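Have a look at data_30.txt; it's compact mmCIF, C-alpha atoms:
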```txt
# COMPACT_ATOMS: atom_id res chain seq x y z
CA MET A 1 -10.77 -34.62 -1.89
CA ILE A 2 -11.49 -37.79 -3.81
CA LEU A 3 -15.17 -38.27 -4.58
CA GLN A 4 -14.92 -41.39 -6.73
CA SER A 5 -12.35 -43.82 -8.07
CA THR A 6 -12.99 -45.81 -11.24
CA PRO A 7 -10.40 -48.17 -12.70
CA VAL A 8 -9.59 -47.82 -16.40
CA LEU A 9 -8.60 -51.16 -17.88
CA THR A 10 -6.67 -51.18 -21.15
CA VAL A 11 -8.02 -53.93 -23.41
CA ALA A 12 -7.46 -55.02 -27.01
CA ASP A 13 -11.16 -55.68 -27.71
CA ILE A 14 -13.87 -53.70 -25.90
CA GLU A 15 -16.77 -56.07 -26.64
CA GLU A 16 -14.84 -59.19 -25.64
CA SER A 17 -13.84 -57.71 -22.27
CA GLU A 18 -17.23 -56.11 -21.76
CA SER A 19 -18.92 -59.54 -21.89
CA PHE A 20 -16.89 -60.58 -18.83
CA PHE A 21 -18.25 -57.68 -16.77
CA VAL A 22 -21.81 -58.00 -18.13
CA LYS A 23 -21.93 -61.52 -16.65
CA LEU A 24 -21.33 -59.89 -13.26
CA GLY A 25 -24.25 -57.47 -13.73
CA PHE A 26 -22.51 -54.41 -15.22
CA ARG A 27 -24.19 -52.46 -18.04
CA ARG A 28 -22.78 -50.08 -20.63
CA THR A 29 -23.67 -46.47 -19.83
CA VAL A 30 -21.20 -44.57 -22.03
CA GLU A 31 -19.51 -45.50 -25.30
CA VAL A 32 -16.99 -43.68 -27.47
CA PRO A 33 -16.34 -44.94 -30.99
CA HIS A 34 -12.81 -45.20 -32.36
CA GLY A 35 -12.00 -46.33 -35.90
CA ASP A 36 -14.45 -49.01 -37.00
CA GLY A 37 -15.44 -50.02 -33.48
CA LEU A 38 -15.48 -48.90 -29.87
CA GLY A 39 -12.47 -47.29 -28.24
CA PHE A 40 -13.87 -46.60 -24.78
CA VAL A 41 -16.85 -47.60 -22.63
CA ILE A 42 -18.02 -47.00 -19.08
CA LEU A 43 -19.74 -49.94 -17.42
CA THR A 44 -21.73 -49.47 -14.23
CA LEU A 45 -23.34 -51.64 -11.62
CA GLY A 46 -26.07 -50.05 -9.51
CA GLY A 47 -26.68 -46.32 -9.42
CA ASP A 48 -29.20 -44.50 -11.59
CA ALA A 49 -30.03 -45.11 -15.26
CA GLY A 50 -27.44 -42.53 -16.35
CA GLY A 51 -24.66 -44.43 -14.59
CA ASP A 52 -24.25 -42.01 -11.67
CA GLY A 53 -23.52 -43.69 -8.36
CA GLY A 54 -22.82 -47.38 -7.97
CA ILE A 55 -19.65 -49.08 -9.13
CA GLY A 56 -17.91 -48.29 -12.40
CA VAL A 57 -15.29 -49.81 -14.68
CA MET A 58 -13.91 -48.10 -17.79
CA LEU A 59 -12.51 -50.09 -20.72
CA GLU A 60 -10.25 -48.44 -23.30
CA THR A 61 -8.14 -49.69 -26.20
CA PRO A 62 -4.49 -48.62 -26.42
CA GLU A 63 -5.22 -46.89 -29.73
CA ALA A 64 -8.10 -44.86 -28.27
CA GLY A 65 -6.00 -43.93 -25.24
CA SER A 66 -3.21 -42.82 -27.54
CA ALA A 67 -5.57 -40.78 -29.72
CA ASP A 68 -7.10 -39.14 -26.65
CA THR A 69 -3.84 -38.23 -24.90
CA GLY A 70 -1.26 -38.05 -27.67
CA LEU A 71 0.89 -40.62 -25.83
CA PRO A 72 2.15 -43.70 -27.72
CA PRO A 73 -0.17 -46.76 -27.65
CA GLU A 74 2.41 -48.83 -25.74
CA THR A 75 1.84 -46.47 -22.80
CA PHE A 76 -1.51 -48.22 -22.38
CA ALA A 77 -0.38 -51.83 -22.02
CA PRO A 78 -2.66 -54.19 -20.03
CA GLY A 79 -1.67 -54.73 -16.45
CA SER A 80 -4.27 -53.20 -14.15
CA ARG A 81 -5.80 -55.19 -11.35
CA LEU A 82 -9.37 -54.93 -10.17
CA PHE A 83 -10.71 -56.10 -6.79
CA MET A 84 -14.47 -56.51 -6.36
CA SER A 85 -16.43 -57.60 -3.29
CA VAL A 86 -19.56 -59.72 -3.80
CA ALA A 87 -22.25 -61.23 -1.60
CA ASP A 88 -22.07 -64.64 -3.31
CA LEU A 89 -18.74 -65.81 -4.73
CA ALA A 90 -20.24 -69.08 -5.97
CA ALA A 91 -22.69 -67.13 -8.14
CA ALA A 92 -19.83 -65.08 -9.62
CA GLU A 93 -17.82 -68.25 -10.27
CA LYS A 94 -20.79 -69.80 -12.05
CA ALA A 95 -21.35 -66.66 -14.13
CA LEU A 96 -17.69 -66.63 -15.20
CA GLU A 97 -17.35 -70.32 -16.07
CA GLY A 98 -15.12 -70.67 -19.11
CA TYR A 99 -12.96 -67.64 -18.37
CA GLU A 100 -9.31 -68.17 -17.41
CA ILE A 101 -8.86 -68.62 -13.66
CA ALA A 102 -5.60 -66.93 -12.68
CA LEU A 103 -6.00 -67.39 -8.91
CA PRO A 104 -7.79 -70.53 -7.69
CA ARG A 105 -10.33 -70.06 -4.89
CA ARG A 106 -8.60 -69.37 -1.60
CA THR A 107 -9.26 -68.00 1.86
CA THR A 108 -7.14 -64.98 2.75
CA PHE A 109 -5.65 -63.88 6.05
CA TYR A 110 -8.01 -60.88 6.00
CA GLY A 111 -11.11 -63.06 5.98
CA ALA A 112 -12.13 -63.14 2.32
CA ILE A 113 -12.80 -66.11 0.11
CA GLU A 114 -11.70 -65.11 -3.37
CA THR A 115 -11.07 -66.27 -6.91
CA GLY A 116 -9.13 -64.38 -9.57
CA TRP A 117 -9.62 -64.35 -13.34
CA ARG A 118 -7.77 -62.98 -16.32
CA GLU A 119 -10.49 -61.14 -18.25
CA PRO A 120 -10.22 -61.33 -22.07
CA GLY A 121 -8.25 -58.06 -22.26
CA GLY A 122 -5.51 -59.54 -20.06
CA ASN A 123 -6.32 -57.71 -16.81
CA PHE A 124 -6.36 -59.54 -13.48
CA VAL A 125 -9.73 -59.40 -11.70
CA ILE A 126 -10.21 -60.68 -8.13
CA VAL A 127 -13.72 -61.31 -6.86
CA ALA A 128 -14.00 -61.76 -3.09
CA GLN A 129 -16.69 -62.61 -0.57
CA PHE A 130 -16.34 -61.48 3.03
CA ALA A 131 -18.26 -63.21 5.83
CA ALA A 132 -20.04 -59.94 6.65
CA ASN A 133 -21.39 -59.82 3.05
CA SER A 134 -22.44 -63.46 2.93
CA PRO A 135 -26.11 -64.21 2.21
CA ASP A 136 -25.93 -66.63 5.18
CA GLU A 137 -25.04 -63.84 7.61
CA GLY A 138 -27.88 -61.92 9.17
```

Just dump the structure as structure tokens.
Amino acid sequence: MILQSTPVLTVADIEESESFFVKLGFRRTVEVPHGDGLGFVILTLGGDAGGDGGIGVMLETPEAGSADTGLPPETFAPGSRLFMSVADLAAAEKALEGYEIALPRRTTFYGAIETGWREPGGNFVIVAQFAANSPDEG
């Protein structure tokens, strides 16, 4: 059965979108060049130095996706959503100051406090803190 699930976000500019995730603690563990720049990267948070384990996000340009699969670039239009749980939402909000807020901070019916951003590639990213993950909970 499923051993891992990693979202692949289609972005116009790898480095621009990567900076969003780096501010949340992700690091680049894999890169694939395409044309004069990068076409694909894997970013990880936690796990070992090789990127195994932990949390992962893949970023890919439409052109690189098209070259890899043979499908037309428009197949890879932005539109994915990513949901991440954090221990300290305020720290994430501070780290992402200046990025477009697409969902103002709110408390959900399922007990999360969350804020949503549009990362530079156009994808919607929700960062949520649950009471059980709060630094104030023991």

Query - Separation of CA of Pro104 (chain A) from CA of Trp117 (chain A) in Å - result: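 Taking CA of Trp117 (chain A) and CA of Pro104 (chain A), their separation equals 8.6 Å.
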
Query raised in the report: Suppose you want the space between CA of Gly56 (chain A) and CA of Phe40 (chain A); what is it in Å?
Result: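 Interatomic distance here is 13.1 Å.
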
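Here CA of Gly25 (chain A) and CA of Gly122 (chain A) stand 19.9 Å from one another.
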
Requested in this report: Compute the distance from (-17.2, -53.3, -15.8) to each atom, counting only C-alpha atoms, keep the residues with any atom at most 10 Å away, and return them as an NGL selection string; use the coordinates of the file.
Outcome: :A and (6-9 or 17-28 or 41-45 or 55-59 or 82)

Take the residues from that selection and write them out as a compact mmCIF listing (two decimals), in the coordinates of the input, keeping C-alpha atoms.
```txt
# COMPACT_ATOMS: atom_id res chain seq x y z
CA THR A 6 -12.99 -45.81 -11.24
CA PRO A 7 -10.40 -48.17 -12.70
CA VAL A 8 -9.59 -47.82 -16.40
CA LEU A 9 -8.60 -51.16 -17.88
CA SER A 17 -13.84 -57.71 -22.27
CA GLU A 18 -17.23 -56.11 -21.76
CA SER A 19 -18.92 -59.54 -21.89
CA PHE A 20 -16.89 -60.58 -18.83
CA PHE A 21 -18.25 -57.68 -16.77
CA VAL A 22 -21.81 -58.00 -18.13
CA LYS A 23 -21.93 -61.52 -16.65
CA LEU A 24 -21.33 -59.89 -13.26
CA GLY A 25 -24.25 -57.47 -13.73
CA PHE A 26 -22.51 -54.41 -15.22
CA ARG A 27 -24.19 -52.46 -18.04
CA ARG A 28 -22.78 -50.08 -20.63
CA VAL A 41 -16.85 -47.60 -22.63
CA ILE A 42 -18.02 -47.00 -19.08
CA LEU A 43 -19.74 -49.94 -17.42
CA THR A 44 -21.73 -49.47 -14.23
CA LEU A 45 -23.34 -51.64 -11.62
CA ILE A 55 -19.65 -49.08 -9.13
CA GLY A 56 -17.91 -48.29 -12.40
CA VAL A 57 -15.29 -49.81 -14.68
CA MET A 58 -13.91 -48.10 -17.79
CA LEU A 59 -12.51 -50.09 -20.72
CA LEU A 82 -9.37 -54.93 -10.17
```

Query - All residues 8 Å or closer to region 31-38 of chain A, only C-alpha atoms, same chain fewer than 5 positions away omitted, as a VMD selection string - result: chain A and resid 14 to 15 64

Selection from above, C-alpha atoms, as a PDB file, keeping the file's coordinate frame, can you write it?
```pdb
ATOM      1  CA  ILE A  14     -13.870 -53.700 -25.900  1.00  0.00           C
ATOM      2  CA  GLU A  15     -16.770 -56.070 -26.640  1.00  0.00           C
ATOM      3  CA  ALA A  64      -8.100 -44.860 -28.270  1.00  0.00           C
TER       4      ALA A  64
END
```

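Each of A:Val11, A:Ala132, A:Ile126, A:Ala67 was checked against Arg106 (chain A) using only C-alpha atoms; the smallest atom-to-atom distance is that of A:Ile126.
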
Query raised in the report: Arg118 (chain A): which residues within 8 Å, counting all atoms listed in the file, same-chain residues fewer than 2 positions away excluded, as an MDAnalysis selection string?
Result: chainID A and resid 99:102 116 120:125

Query raised in the report: Which residue out of A:Gly70, A:Thr29, A:Gly39, A:Gly47 has the minimum interatomic distance to Thr10 (chain A) when all atoms listed in the file are used?
Result: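 Using all atoms listed in the file, Thr10 (chain A) sits closest to A:Gly39.
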
Requested in this report: Would you please work out which residue, of A:Val127, A:Ala87, A:Glu74, A:Ser5, is nearest to Gly54 (chain A) when using all atoms listed in the file?
Outcome: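 The shortest atom-to-atom distance to Gly54 (chain A) comes from A:Ser5.
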
Missing atoms of region 75-89 of chain A rebuilt to N, CA, C and O atoms, written as a short mmCIF file (atom, residue, chain, number, x, y, z; two decimals), in the frame of the given file:
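Wrote selection07.cif, looks like this:
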```cif
data_model
loop_
_atom_site.label_atom_id
_atom_site.label_comp_id
_atom_site.auth_asym_id
_atom_site.auth_seq_id
_atom_site.Cartn_x
_atom_site.Cartn_y
_atom_site.Cartn_z
N THR A 75 2.04 -47.04 -24.13
CA THR A 75 1.84 -46.47 -22.80
C THR A 75 0.66 -47.15 -22.11
O THR A 75 0.60 -47.22 -20.89
N PHE A 76 -0.26 -47.68 -22.90
CA PHE A 76 -1.51 -48.22 -22.38
C PHE A 76 -1.54 -49.74 -22.43
O PHE A 76 -2.53 -50.35 -22.79
N ALA A 77 -0.45 -50.37 -22.03
CA ALA A 77 -0.38 -51.83 -22.02
C ALA A 77 -1.26 -52.38 -20.89
O ALA A 77 -1.39 -51.77 -19.83
N PRO A 78 -1.88 -53.58 -21.11
CA PRO A 78 -2.66 -54.19 -20.03
C PRO A 78 -1.79 -54.43 -18.81
O PRO A 78 -0.59 -54.58 -18.91
N GLY A 79 -2.41 -54.46 -17.66
CA GLY A 79 -1.67 -54.73 -16.45
C GLY A 79 -2.37 -54.25 -15.20
O GLY A 79 -1.88 -54.43 -14.11
N SER A 80 -3.53 -53.65 -15.33
CA SER A 80 -4.27 -53.20 -14.15
C SER A 80 -4.84 -54.39 -13.41
O SER A 80 -5.03 -55.47 -13.97
N ARG A 81 -5.11 -54.19 -12.15
CA ARG A 81 -5.80 -55.19 -11.35
C ARG A 81 -7.07 -54.58 -10.81
O ARG A 81 -7.12 -53.38 -10.52
N LEU A 82 -8.09 -55.39 -10.67
CA LEU A 82 -9.37 -54.93 -10.17
C LEU A 82 -9.82 -55.87 -9.06
O LEU A 82 -9.76 -57.09 -9.22
N PHE A 83 -10.23 -55.32 -7.94
CA PHE A 83 -10.71 -56.10 -6.79
C PHE A 83 -12.17 -55.73 -6.57
O PHE A 83 -12.50 -54.57 -6.41
N MET A 84 -13.05 -56.75 -6.57
CA MET A 84 -14.47 -56.51 -6.36
C MET A 84 -14.98 -57.42 -5.25
O MET A 84 -14.65 -58.60 -5.21
N SER A 85 -15.80 -56.86 -4.37
CA SER A 85 -16.43 -57.60 -3.29
C SER A 85 -17.84 -57.99 -3.72
O SER A 85 -18.56 -57.17 -4.30
N VAL A 86 -18.23 -59.23 -3.45
CA VAL A 86 -19.56 -59.72 -3.80
C VAL A 86 -20.21 -60.40 -2.60
O VAL A 86 -19.53 -60.79 -1.65
N ALA A 87 -21.52 -60.54 -2.65
CA ALA A 87 -22.25 -61.23 -1.60
C ALA A 87 -22.20 -62.74 -1.78
O ALA A 87 -22.31 -63.49 -0.82
N ASP A 88 -22.01 -63.21 -3.02
CA ASP A 88 -22.07 -64.64 -3.31
C ASP A 88 -21.00 -65.01 -4.33
O ASP A 88 -21.21 -64.90 -5.54
N LEU A 89 -19.84 -65.46 -3.85
CA LEU A 89 -18.74 -65.81 -4.73
C LEU A 89 -19.12 -66.97 -5.64
O LEU A 89 -18.76 -66.98 -6.82
#
```
